[in-house]
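Participant: Structure in C-alpha coordinates, see below.
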Amino acid sequence: MIPTPGPRRRRARHLGAVAAALTLTASAAATASAAPAAGAADLREVMFVGNNWEGTADVIKGSGDFAKIGRVNVVPDKAQRMAEINADPIKWIAFMTIRNSVGEGHDQFVDDMYSTPDGSAMVVSRPSFADVVSINLTTGAINWRFPVSGFRADHMAVSPDGKRVAVSASTGNTVHVLDIVTGKQVGSFKTGDKPHENIFTRDGKYIWNMAIGDVNTQSDAPWLDWTKGDRKITIADANTFQQVKVIDMRDRLNAIGLNDYSDAVRPAAFSPDETKLYFQVSFFNGFFEYDIATDKITRTKTLPKSPGVSDDRTSFVNDSRHHGLTMKPDGTKLCIAGTMDDYATVVDRATLQEGPLVPVSKPYWSTVSGDGKSCVVSESGADQVTVIDFATGKKTLSVPVGDHPQRVRVAQVPVGWTGTSAR
(Lines give C-alpha, C1' and ligand atoms only; values in the text may rest on other atoms or scores of the structure.)
Protein backbone atom coordinates (compact mmCIF):
# COMPACT_ATOMS: atom_id res chain seq x y z
CA MET A 1 0.00 0.00 0.00
CA ILE A 2 1.03 3.61 -0.42
CA PRO A 3 2.46 5.13 2.79
CA THR A 4 0.35 7.79 4.45
CA PRO A 5 2.16 11.15 4.65
CA GLY A 6 2.72 12.79 8.02
CA PRO A 7 0.53 15.72 9.11
CA ARG A 8 3.25 18.28 8.41
CA ARG A 9 2.76 17.83 4.68
CA ARG A 10 -0.55 16.01 4.37
CA ARG A 11 -2.13 18.94 2.59
CA ALA A 12 0.34 18.56 -0.30
CA ARG A 13 0.07 14.80 -0.65
CA HIS A 14 -2.81 13.96 -2.93
CA LEU A 15 -1.49 10.77 -4.51
CA GLY A 16 -2.89 9.76 -7.88
CA ALA A 17 -2.42 6.76 -10.11
CA VAL A 18 -2.23 4.25 -7.27
CA ALA A 19 -1.63 1.19 -9.40
CA ALA A 20 1.24 2.85 -11.21
CA ALA A 21 2.78 4.04 -7.97
CA LEU A 22 2.90 0.52 -6.58
CA THR A 23 5.08 -0.62 -9.46
CA LEU A 24 7.48 2.32 -9.65
CA THR A 25 11.15 1.53 -9.91
CA ALA A 26 14.26 3.60 -10.29
CA SER A 27 17.15 3.25 -12.68
CA ALA A 28 20.87 2.91 -12.13
CA ALA A 29 21.22 3.69 -15.82
CA ALA A 30 19.63 7.11 -15.32
CA THR A 31 22.95 8.86 -14.96
CA ALA A 32 24.20 7.48 -18.28
CA SER A 33 24.47 9.78 -21.28
CA ALA A 34 22.08 9.96 -24.20
CA ALA A 35 21.91 6.78 -26.26
CA PRO A 36 23.94 6.90 -29.48
CA ALA A 37 22.06 7.50 -32.72
CA ALA A 38 22.29 5.49 -35.92
CA GLY A 39 25.68 7.01 -36.69
CA ALA A 40 27.18 5.73 -33.44
CA ALA A 41 30.16 4.30 -35.31
CA ASP A 42 31.29 7.89 -35.91
CA LEU A 43 31.15 8.81 -32.22
CA ARG A 44 33.61 8.42 -29.38
CA GLU A 45 32.86 8.15 -25.69
CA VAL A 46 34.03 11.02 -23.51
CA MET A 47 33.26 12.73 -20.23
CA PHE A 48 31.99 16.28 -19.89
CA VAL A 49 33.38 18.17 -16.86
CA GLY A 50 31.50 21.35 -16.02
CA ASN A 51 33.72 24.14 -14.65
CA ASN A 52 30.97 26.01 -12.85
CA TRP A 53 32.69 29.26 -11.89
CA GLU A 54 34.63 29.55 -15.14
CA GLY A 55 31.82 28.97 -17.63
CA THR A 56 33.58 26.21 -19.54
CA ALA A 57 33.30 22.46 -19.94
CA ASP A 58 36.39 20.33 -20.38
CA VAL A 59 36.01 17.20 -22.49
CA ILE A 60 38.20 14.27 -21.45
CA LYS A 61 38.46 10.66 -22.53
CA GLY A 62 35.82 8.43 -20.94
CA SER A 63 38.32 5.81 -19.75
CA GLY A 64 42.00 4.84 -20.05
CA ASP A 65 44.24 7.83 -19.38
CA PHE A 66 41.28 10.29 -19.26
CA ALA A 67 43.33 12.76 -21.26
CA LYS A 68 41.89 16.14 -22.15
CA ILE A 69 40.45 16.33 -25.67
CA GLY A 70 38.98 19.81 -25.92
CA ARG A 71 37.05 22.59 -24.23
CA VAL A 72 33.67 24.23 -24.76
CA ASN A 73 32.73 27.79 -23.83
CA VAL A 74 29.27 27.33 -22.34
CA VAL A 75 28.56 31.05 -22.07
CA PRO A 76 29.23 32.34 -25.62
CA ASP A 77 26.27 34.70 -25.14
CA LYS A 78 27.52 36.07 -21.83
CA ALA A 79 27.52 39.73 -22.95
CA GLN A 80 23.91 39.49 -24.12
CA ARG A 81 22.71 37.71 -20.99
CA MET A 82 24.48 40.19 -18.71
CA ALA A 83 22.97 43.13 -20.59
CA GLU A 84 19.52 41.67 -19.99
CA ILE A 85 20.24 41.10 -16.31
CA ASN A 86 21.65 44.59 -15.78
CA ALA A 87 18.57 46.10 -17.44
CA ASP A 88 16.13 44.28 -15.15
CA PRO A 89 16.33 45.04 -11.39
CA ILE A 90 14.56 41.79 -10.44
CA LYS A 91 16.88 39.65 -12.57
CA TRP A 92 19.89 41.56 -11.23
CA ILE A 93 18.87 40.91 -7.63
CA ALA A 94 18.38 37.19 -8.40
CA PHE A 95 21.74 37.01 -10.19
CA MET A 96 23.56 38.63 -7.27
CA THR A 97 21.74 36.43 -4.77
CA ILE A 98 23.03 33.32 -6.55
CA ARG A 99 26.54 34.76 -6.62
CA ASN A 100 26.57 35.59 -2.91
CA SER A 101 24.83 32.47 -1.61
CA VAL A 102 25.02 29.14 -3.42
CA GLY A 103 27.81 30.48 -5.66
CA GLU A 104 30.08 31.23 -2.68
CA GLY A 105 30.92 34.63 -4.16
CA HIS A 106 31.12 33.34 -7.75
CA ASP A 107 28.72 33.19 -10.68
CA GLN A 108 27.40 29.74 -11.58
CA PHE A 109 27.65 29.23 -15.32
CA VAL A 110 27.35 25.45 -15.71
CA ASP A 111 25.61 22.96 -13.49
CA ASP A 112 24.82 19.96 -15.67
CA MET A 113 25.59 18.74 -19.21
CA TYR A 114 24.60 16.00 -21.64
CA SER A 115 25.27 15.27 -25.29
CA THR A 116 22.58 14.92 -27.93
CA PRO A 117 22.15 11.39 -29.36
CA ASP A 118 24.14 12.24 -32.48
CA GLY A 119 26.95 13.85 -30.49
CA SER A 120 26.61 17.14 -32.34
CA ALA A 121 25.68 19.30 -29.36
CA MET A 122 26.16 19.77 -25.63
CA VAL A 123 23.04 20.62 -23.64
CA VAL A 124 23.88 22.69 -20.55
CA SER A 125 21.95 24.02 -17.55
CA ARG A 126 23.27 27.44 -16.46
CA PRO A 127 22.21 28.43 -12.92
CA SER A 128 23.09 32.13 -12.97
CA PHE A 129 21.41 32.63 -16.34
CA ALA A 130 18.32 30.59 -15.35
CA ASP A 131 18.30 28.65 -18.59
CA VAL A 132 19.20 25.55 -20.58
CA VAL A 133 21.09 25.91 -23.86
CA SER A 134 22.22 23.62 -26.64
CA ILE A 135 25.71 24.41 -27.92
CA ASN A 136 26.90 23.27 -31.33
CA LEU A 137 30.07 21.26 -30.75
CA THR A 138 31.47 22.24 -34.15
CA THR A 139 30.92 25.99 -34.15
CA GLY A 140 30.41 26.76 -30.47
CA ALA A 141 27.22 28.64 -31.30
CA ILE A 142 23.96 28.27 -29.39
CA ASN A 143 21.37 26.11 -31.16
CA TRP A 144 18.51 26.92 -28.79
CA ARG A 145 17.85 28.47 -25.39
CA PHE A 146 15.11 27.65 -22.88
CA PRO A 147 14.59 30.01 -19.91
CA VAL A 148 13.38 28.06 -16.88
CA SER A 149 10.71 29.22 -14.46
CA GLY A 150 12.05 31.29 -11.60
CA PHE A 151 15.65 32.45 -11.40
CA ARG A 152 17.93 29.40 -11.35
CA ALA A 153 18.50 26.21 -13.36
CA ASP A 154 19.98 23.15 -11.63
CA HIS A 155 20.46 19.39 -12.12
CA MET A 156 19.32 17.62 -15.27
CA ALA A 157 18.65 14.05 -16.42
CA VAL A 158 18.37 12.58 -19.89
CA SER A 159 15.78 9.99 -20.88
CA PRO A 160 16.98 6.46 -21.71
CA ASP A 161 16.32 7.00 -25.42
CA GLY A 162 18.30 10.24 -25.34
CA LYS A 163 15.44 12.29 -26.78
CA ARG A 164 14.41 14.34 -23.75
CA VAL A 165 16.14 16.20 -20.97
CA ALA A 166 14.60 17.09 -17.59
CA VAL A 167 15.87 20.15 -15.74
CA SER A 168 15.13 21.42 -12.24
CA ALA A 169 14.08 25.07 -11.97
CA SER A 170 15.24 25.39 -8.38
CA THR A 171 13.42 28.61 -7.45
CA GLY A 172 10.38 27.79 -9.58
CA ASN A 173 9.72 24.43 -7.84
CA THR A 174 9.26 22.94 -11.30
CA VAL A 175 10.86 20.30 -13.49
CA HIS A 176 10.79 21.15 -17.21
CA VAL A 177 11.09 18.30 -19.72
CA LEU A 178 12.49 19.40 -23.07
CA ASP A 179 13.02 17.89 -26.49
CA ILE A 180 16.81 17.58 -26.51
CA VAL A 181 17.12 18.46 -30.20
CA THR A 182 14.69 21.39 -30.48
CA GLY A 183 14.61 22.70 -26.91
CA LYS A 184 10.81 22.78 -26.97
CA GLN A 185 9.07 21.92 -23.70
CA VAL A 186 7.11 18.68 -23.91
CA GLY A 187 5.83 18.87 -20.34
CA SER A 188 6.52 19.93 -16.76
CA PHE A 189 5.50 19.09 -13.21
CA LYS A 190 5.61 20.71 -9.79
CA THR A 191 7.92 19.52 -7.01
CA GLY A 192 8.84 20.28 -3.43
CA ASP A 193 10.96 23.29 -2.50
CA LYS A 194 14.20 23.66 -4.50
CA PRO A 195 14.13 20.66 -6.86
CA HIS A 196 17.60 19.19 -7.29
CA GLU A 197 18.43 15.71 -8.62
CA ASN A 198 16.37 14.16 -11.47
CA ILE A 199 16.39 10.50 -12.52
CA PHE A 200 14.48 8.72 -15.30
CA THR A 201 13.49 5.11 -14.69
CA ARG A 202 15.10 2.59 -17.01
CA ASP A 203 11.93 2.13 -19.05
CA GLY A 204 11.57 5.90 -19.41
CA LYS A 205 8.08 5.91 -17.87
CA TYR A 206 8.79 7.87 -14.70
CA ILE A 207 10.94 10.73 -13.45
CA TRP A 208 12.11 10.91 -9.84
CA ASN A 209 12.87 14.38 -8.50
CA MET A 210 14.52 15.13 -5.16
CA ALA A 211 13.69 18.53 -3.62
CA ILE A 212 16.31 19.68 -1.08
CA GLY A 213 14.70 22.81 0.39
CA ASP A 214 16.57 25.93 1.44
CA VAL A 215 20.26 25.08 1.78
CA ASN A 216 21.58 28.64 2.00
CA THR A 217 20.07 29.73 5.30
CA GLN A 218 21.88 29.65 8.63
CA SER A 219 18.99 27.94 10.43
CA ASP A 220 20.83 24.63 10.38
CA ALA A 221 20.20 23.37 13.91
CA PRO A 222 17.97 20.26 14.05
CA TRP A 223 15.25 22.09 15.98
CA LEU A 224 15.03 24.60 13.10
CA ASP A 225 14.65 21.89 10.49
CA TRP A 226 11.07 22.98 9.81
CA THR A 227 12.37 26.25 8.34
CA LYS A 228 14.13 24.46 5.47
CA GLY A 229 10.96 23.99 3.41
CA ASP A 230 9.04 21.13 1.83
CA ARG A 231 11.64 18.46 1.01
CA LYS A 232 10.35 15.38 -0.73
CA ILE A 233 10.81 13.00 -3.61
CA THR A 234 8.23 13.59 -6.34
CA ILE A 235 7.67 10.80 -8.84
CA ALA A 236 5.95 11.88 -12.05
CA ASP A 237 4.67 10.06 -15.11
CA ALA A 238 7.13 10.95 -17.88
CA ASN A 239 4.39 10.97 -20.51
CA THR A 240 1.49 12.70 -18.77
CA PHE A 241 3.66 14.61 -16.26
CA GLN A 242 1.15 13.87 -13.53
CA GLN A 243 2.38 13.21 -10.01
CA VAL A 244 1.98 9.53 -9.15
CA LYS A 245 3.73 9.31 -5.79
CA VAL A 246 5.46 11.39 -3.12
CA ILE A 247 8.06 10.02 -0.69
CA ASP A 248 8.80 12.01 2.46
CA MET A 249 12.01 10.75 4.02
CA ARG A 250 11.19 12.63 7.24
CA ASP A 251 8.68 9.93 8.14
CA ARG A 252 11.08 7.12 7.18
CA LEU A 253 13.94 8.63 9.18
CA ASN A 254 11.73 9.15 12.22
CA ALA A 255 10.66 5.50 11.99
CA ILE A 256 14.25 4.40 12.69
CA GLY A 257 14.83 6.98 15.41
CA LEU A 258 16.77 9.53 13.35
CA ASN A 259 14.55 12.50 14.10
CA ASP A 260 17.49 14.93 14.09
CA TYR A 261 18.70 13.96 10.62
CA SER A 262 17.82 16.09 7.60
CA ASP A 263 15.34 14.69 5.08
CA ALA A 264 16.83 16.69 2.19
CA VAL A 265 17.78 13.94 -0.29
CA ARG A 266 20.90 14.95 -2.22
CA PRO A 267 22.77 12.78 -4.80
CA ALA A 268 21.28 9.30 -5.17
CA ALA A 269 21.92 6.05 -7.02
CA PHE A 270 19.71 3.06 -7.72
CA SER A 271 20.65 -0.61 -7.69
CA PRO A 272 20.82 -2.38 -11.07
CA ASP A 273 17.62 -4.33 -10.31
CA GLU A 274 15.90 -1.06 -9.39
CA THR A 275 14.79 -2.26 -5.95
CA LYS A 276 17.03 -0.09 -3.76
CA LEU A 277 17.76 3.62 -3.55
CA TYR A 278 21.03 4.82 -2.00
CA PHE A 279 21.04 8.48 -1.04
CA GLN A 280 22.82 11.21 0.89
CA VAL A 281 21.12 13.91 2.96
CA SER A 282 22.18 17.35 4.14
CA PHE A 283 24.70 17.56 7.02
CA PHE A 284 25.35 13.79 7.20
CA ASN A 285 28.72 12.08 6.65
CA GLY A 286 27.25 8.91 5.19
CA PHE A 287 24.29 7.58 3.26
CA PHE A 288 21.15 5.45 3.50
CA GLU A 289 19.72 2.41 1.76
CA TYR A 290 15.98 2.60 1.01
CA ASP A 291 13.92 -0.41 -0.09
CA ILE A 292 11.39 0.75 -2.67
CA ALA A 293 8.96 -2.17 -2.31
CA THR A 294 8.66 -1.99 1.49
CA ASP A 295 8.99 1.81 1.57
CA LYS A 296 11.53 1.65 4.41
CA ILE A 297 15.09 2.74 5.11
CA THR A 298 16.85 -0.59 5.55
CA ARG A 299 20.46 0.37 6.29
CA THR A 300 22.41 3.40 7.47
CA LYS A 301 26.10 3.90 6.75
CA THR A 302 28.08 6.46 8.73
CA LEU A 303 31.43 7.28 7.16
CA PRO A 304 34.50 8.65 8.97
CA LYS A 305 34.85 12.31 9.85
CA SER A 306 38.15 13.91 8.93
CA PRO A 307 40.18 15.30 11.85
CA GLY A 308 39.98 19.05 12.11
CA VAL A 309 36.68 19.37 10.22
CA SER A 310 34.18 21.31 12.26
CA ASP A 311 30.82 19.79 13.12
CA ASP A 312 29.30 23.26 12.91
CA ARG A 313 26.53 22.78 10.37
CA THR A 314 26.67 26.42 9.31
CA SER A 315 30.21 25.82 8.03
CA PHE A 316 29.12 23.19 5.50
CA VAL A 317 28.92 24.42 1.90
CA ASN A 318 25.24 24.55 0.90
CA ASP A 319 24.41 22.18 3.78
CA SER A 320 26.47 19.42 2.15
CA ARG A 321 28.73 17.39 4.40
CA HIS A 322 28.94 14.69 1.71
CA HIS A 323 27.76 15.35 -1.85
CA GLY A 324 28.38 12.79 -4.57
CA LEU A 325 27.31 9.15 -4.86
CA THR A 326 27.46 6.71 -7.76
CA MET A 327 27.33 2.94 -8.23
CA LYS A 328 29.47 0.47 -10.19
CA PRO A 329 27.35 -0.92 -13.05
CA ASP A 330 27.30 -4.44 -11.59
CA GLY A 331 25.94 -3.07 -8.31
CA THR A 332 28.77 -4.33 -6.11
CA LYS A 333 30.39 -1.02 -5.16
CA LEU A 334 29.40 2.55 -4.32
CA CYS A 335 31.68 5.57 -4.71
CA ILE A 336 31.15 8.37 -2.20
CA ALA A 337 32.39 11.96 -2.33
CA GLY A 338 33.04 13.22 1.21
CA THR A 339 32.78 16.90 0.33
CA MET A 340 33.60 18.68 3.61
CA ASP A 341 35.83 15.83 4.79
CA ASP A 342 38.09 16.07 1.72
CA TYR A 343 38.09 12.42 0.71
CA ALA A 344 36.42 9.96 -1.60
CA THR A 345 35.96 6.28 -0.89
CA VAL A 346 34.67 3.11 -2.51
CA VAL A 347 32.15 1.22 -0.37
CA ASP A 348 31.29 -2.47 -0.70
CA ARG A 349 27.54 -2.60 -1.22
CA ALA A 350 27.02 -5.97 0.48
CA THR A 351 28.87 -5.15 3.70
CA LEU A 352 28.87 -1.33 3.55
CA GLN A 353 32.56 -1.45 4.47
CA GLU A 354 34.48 1.51 3.09
CA GLY A 355 37.84 1.18 1.41
CA PRO A 356 40.80 3.56 1.57
CA LEU A 357 39.94 7.21 2.17
CA VAL A 358 41.43 8.83 -0.92
CA PRO A 359 42.49 12.44 -0.16
CA VAL A 360 40.76 14.86 -2.53
CA SER A 361 39.88 18.55 -2.20
CA LYS A 362 36.20 19.42 -1.75
CA PRO A 363 34.85 16.65 -3.99
CA TYR A 364 31.48 17.68 -5.38
CA TRP A 365 30.38 14.76 -7.57
CA SER A 366 31.20 11.17 -8.49
CA THR A 367 30.52 9.43 -11.79
CA VAL A 368 31.25 5.99 -13.25
CA SER A 369 33.78 5.97 -16.09
CA GLY A 370 32.73 4.88 -19.54
CA ASP A 371 34.17 1.38 -19.12
CA GLY A 372 32.58 0.96 -15.68
CA LYS A 373 35.91 0.23 -13.99
CA SER A 374 36.54 3.52 -12.25
CA CYS A 375 34.91 6.26 -10.24
CA VAL A 376 35.64 9.80 -11.44
CA VAL A 377 35.41 12.47 -8.73
CA SER A 378 35.36 16.22 -9.35
CA GLU A 379 37.73 18.05 -7.00
CA SER A 380 36.19 21.51 -6.87
CA GLY A 381 38.82 22.66 -4.40
CA ALA A 382 41.77 21.63 -6.59
CA ASP A 383 40.40 22.19 -10.13
CA GLN A 384 40.91 18.62 -11.24
CA VAL A 385 39.12 15.32 -11.57
CA THR A 386 40.52 12.26 -9.83
CA VAL A 387 40.07 8.67 -10.95
CA ILE A 388 39.64 5.90 -8.37
CA ASP A 389 39.77 2.21 -9.27
CA PHE A 390 36.65 0.35 -8.14
CA ALA A 391 38.60 -2.90 -7.69
CA THR A 392 41.24 -1.54 -5.30
CA GLY A 393 39.62 1.65 -4.02
CA LYS A 394 42.86 3.48 -4.78
CA LYS A 395 43.57 6.58 -6.83
CA THR A 396 44.99 5.96 -10.28
CA LEU A 397 45.42 9.49 -11.65
CA SER A 398 44.22 13.10 -11.69
CA VAL A 399 43.50 15.38 -14.65
CA PRO A 400 43.64 19.21 -14.35
CA VAL A 401 40.46 21.00 -15.50
CA GLY A 402 38.94 24.49 -15.11
CA ASP A 403 37.74 26.58 -12.19
CA HIS A 404 35.50 24.73 -9.72
CA PRO A 405 34.53 21.50 -11.53
CA GLN A 406 31.23 20.06 -10.33
CA ARG A 407 29.09 17.81 -12.50
CA VAL A 408 30.78 15.09 -14.59
CA ARG A 409 28.80 13.12 -17.20
CA VAL A 410 29.59 10.40 -19.73
CA ALA A 411 28.81 11.69 -23.24
CA GLN A 412 29.57 11.26 -26.96
CA VAL A 413 31.29 13.54 -29.44
CA PRO A 414 32.23 13.00 -33.08
CA VAL A 415 35.38 11.00 -33.73
CA GLY A 416 38.26 13.41 -34.26
CA TRP A 417 36.62 16.24 -32.31
CA THR A 418 39.14 18.43 -30.47
CA GLY A 419 37.05 21.46 -29.56
CA THR A 420 34.77 24.07 -31.11
CA SER A 421 35.89 26.46 -33.83
CA ALA A 422 34.97 29.39 -31.54
CA ARG A 423 37.93 29.71 -29.16
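Identifiers for the C-alpha coordinates are assigned positionally: chains receive A, B, ... in sequence, residues are indexed from 1 per chain, and ligands are indexed from 1 in the order shown.
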Could you please write out, as a list of chain:residue names, every residue of range 144-228 of chain A that DSSP assigns to helix (DSSP H, G or I)?
Facilitator: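 Answer for range 144-228 of chain A restricted to helix (DSSP H, G or I) is A:Pro222, A:Trp223, A:Leu224, A:Asp225, A:Trp226, A:Thr227, A:Lys228.
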Participant: Go through range 213-286 of chain A and collect every residue that DSSP, computed from the backbone, puts in strand (DSSP E); the answer should be as a list in words.
Facilitator: Ile233, Thr234, Ile235, Ala236, Asp237, Gln243, Val244, Lys245, Val246, Ile247, Val265, Arg266, Pro267, Ala268, Ala269, Phe270, Lys276, Leu277, Tyr278, Phe279, Gln280, Val281 and Gly286 of chain A
Participant: Determine, counting only C-alpha atoms, which protein, DNA and RNA residues have an atom within 12 Å of an atom of Tyr364 in chain A; residues of the same chain fewer than 2 positions away are not included. Present the result as a PyMOL selection string.
Facilitator: chain A and resi 49-52+111+266-267+317-318+320-326+336-344+360-362+366-367+376-386+404-408
Participant: Between A:Lys328, A:Arg231, A:Arg349, A:Arg313, which is the closest to Ile388 in chain A once you count only C-alpha atoms?
Facilitator: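 Closest residue, counting only C-alpha atoms: A:Lys328.
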Participant: Have a look at A:Gln185, A:Thr191, A:Thr139, A:Thr116 and name the one nearest to Gln412 in chain A; count only C-alpha atoms.
Facilitator: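 Looking at the shortest contact to Gln412 in chain A, the residue is A:Thr116.
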Participant: What are the closest atom pairs, with distances in Å to one decimal, for all residues of range 266-317 of chain A lying within 12 Å of range 250-256 of chain A? Consider only C-alpha atoms, order rows by chain and residue number, and present the result as JSON lines.
Facilitator:
{"residue": "A:Val281", "atom": "CA", "partner": "A:Leu253", "partner_atom": "CA", "distance": 10.9}
{"residue": "A:Phe287", "atom": "CA", "partner": "A:Leu253", "partner_atom": "CA", "distance": 12.0}
{"residue": "A:Phe288", "atom": "CA", "partner": "A:Leu253", "partner_atom": "CA", "distance": 9.7}
{"residue": "A:Glu289", "atom": "CA", "partner": "A:Arg252", "partner_atom": "CA", "distance": 11.2}
{"residue": "A:Tyr290", "atom": "CA", "partner": "A:Arg252", "partner_atom": "CA", "distance": 9.1}
{"residue": "A:Asp291", "atom": "CA", "partner": "A:Arg252", "partner_atom": "CA", "distance": 10.8}
{"residue": "A:Ile292", "atom": "CA", "partner": "A:Arg252", "partner_atom": "CA", "distance": 11.7}
{"residue": "A:Thr294", "atom": "CA", "partner": "A:Arg252", "partner_atom": "CA", "distance": 11.0}
{"residue": "A:Asp295", "atom": "CA", "partner": "A:Arg252", "partner_atom": "CA", "distance": 8.0}
{"residue": "A:Lys296", "atom": "CA", "partner": "A:Arg252", "partner_atom": "CA", "distance": 6.2}
{"residue": "A:Ile297", "atom": "CA", "partner": "A:Arg252", "partner_atom": "CA", "distance": 6.3}
{"residue": "A:Thr298", "atom": "CA", "partner": "A:Ile256", "partner_atom": "CA", "distance": 9.1}
{"residue": "A:Arg299", "atom": "CA", "partner": "A:Ile256", "partner_atom": "CA", "distance": 9.8}
{"residue": "A:Thr300", "atom": "CA", "partner": "A:Ile256", "partner_atom": "CA", "distance": 9.7}
Participant: I'd like the interatomic distance between CA of Pro414 in chain A and CA of Pro117 in chain A, to a tenth of an Å.
Facilitator: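 Computed distance, CA of Pro414 in chain A to CA of Pro117 in chain A, equals 10.9 Å.
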Participant: Using only C-alpha atoms, can you tell me which of A:Asn216, A:Met327, A:Ser168, A:Val265 comes closest to Gly103 in chain A?
Facilitator: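 Nearest to Gly103 in chain A: A:Asn216.
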Participant: Choose the residue, out of A:Thr171, A:Asn198, A:Ser282, A:Ser120, that has the smallest atom-to-atom separation from Leu43 in chain A; count only C-alpha atoms.
Facilitator: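 Selected residue with least distance to Leu43 in chain A: A:Ser120.
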Participant: Figure out the distance between CA of Leu178 in chain A and CA of Arg202 in chain A, please, to one decimal in Å.
Facilitator: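 For CA of Arg202 in chain A relative to CA of Leu178 in chain A, the distance reads 18.1 Å.
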Participant: Please identify all polymer residues within 7 Å of Arg164 in chain A, counting only C-alpha atoms, omitting same-chain residues fewer than 4 positions from it, and present them as a list in words.
Facilitator: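 So the residues in contact are Val158, Ser159, Val177, Leu178, Asp179 and Ile180 of chain A.
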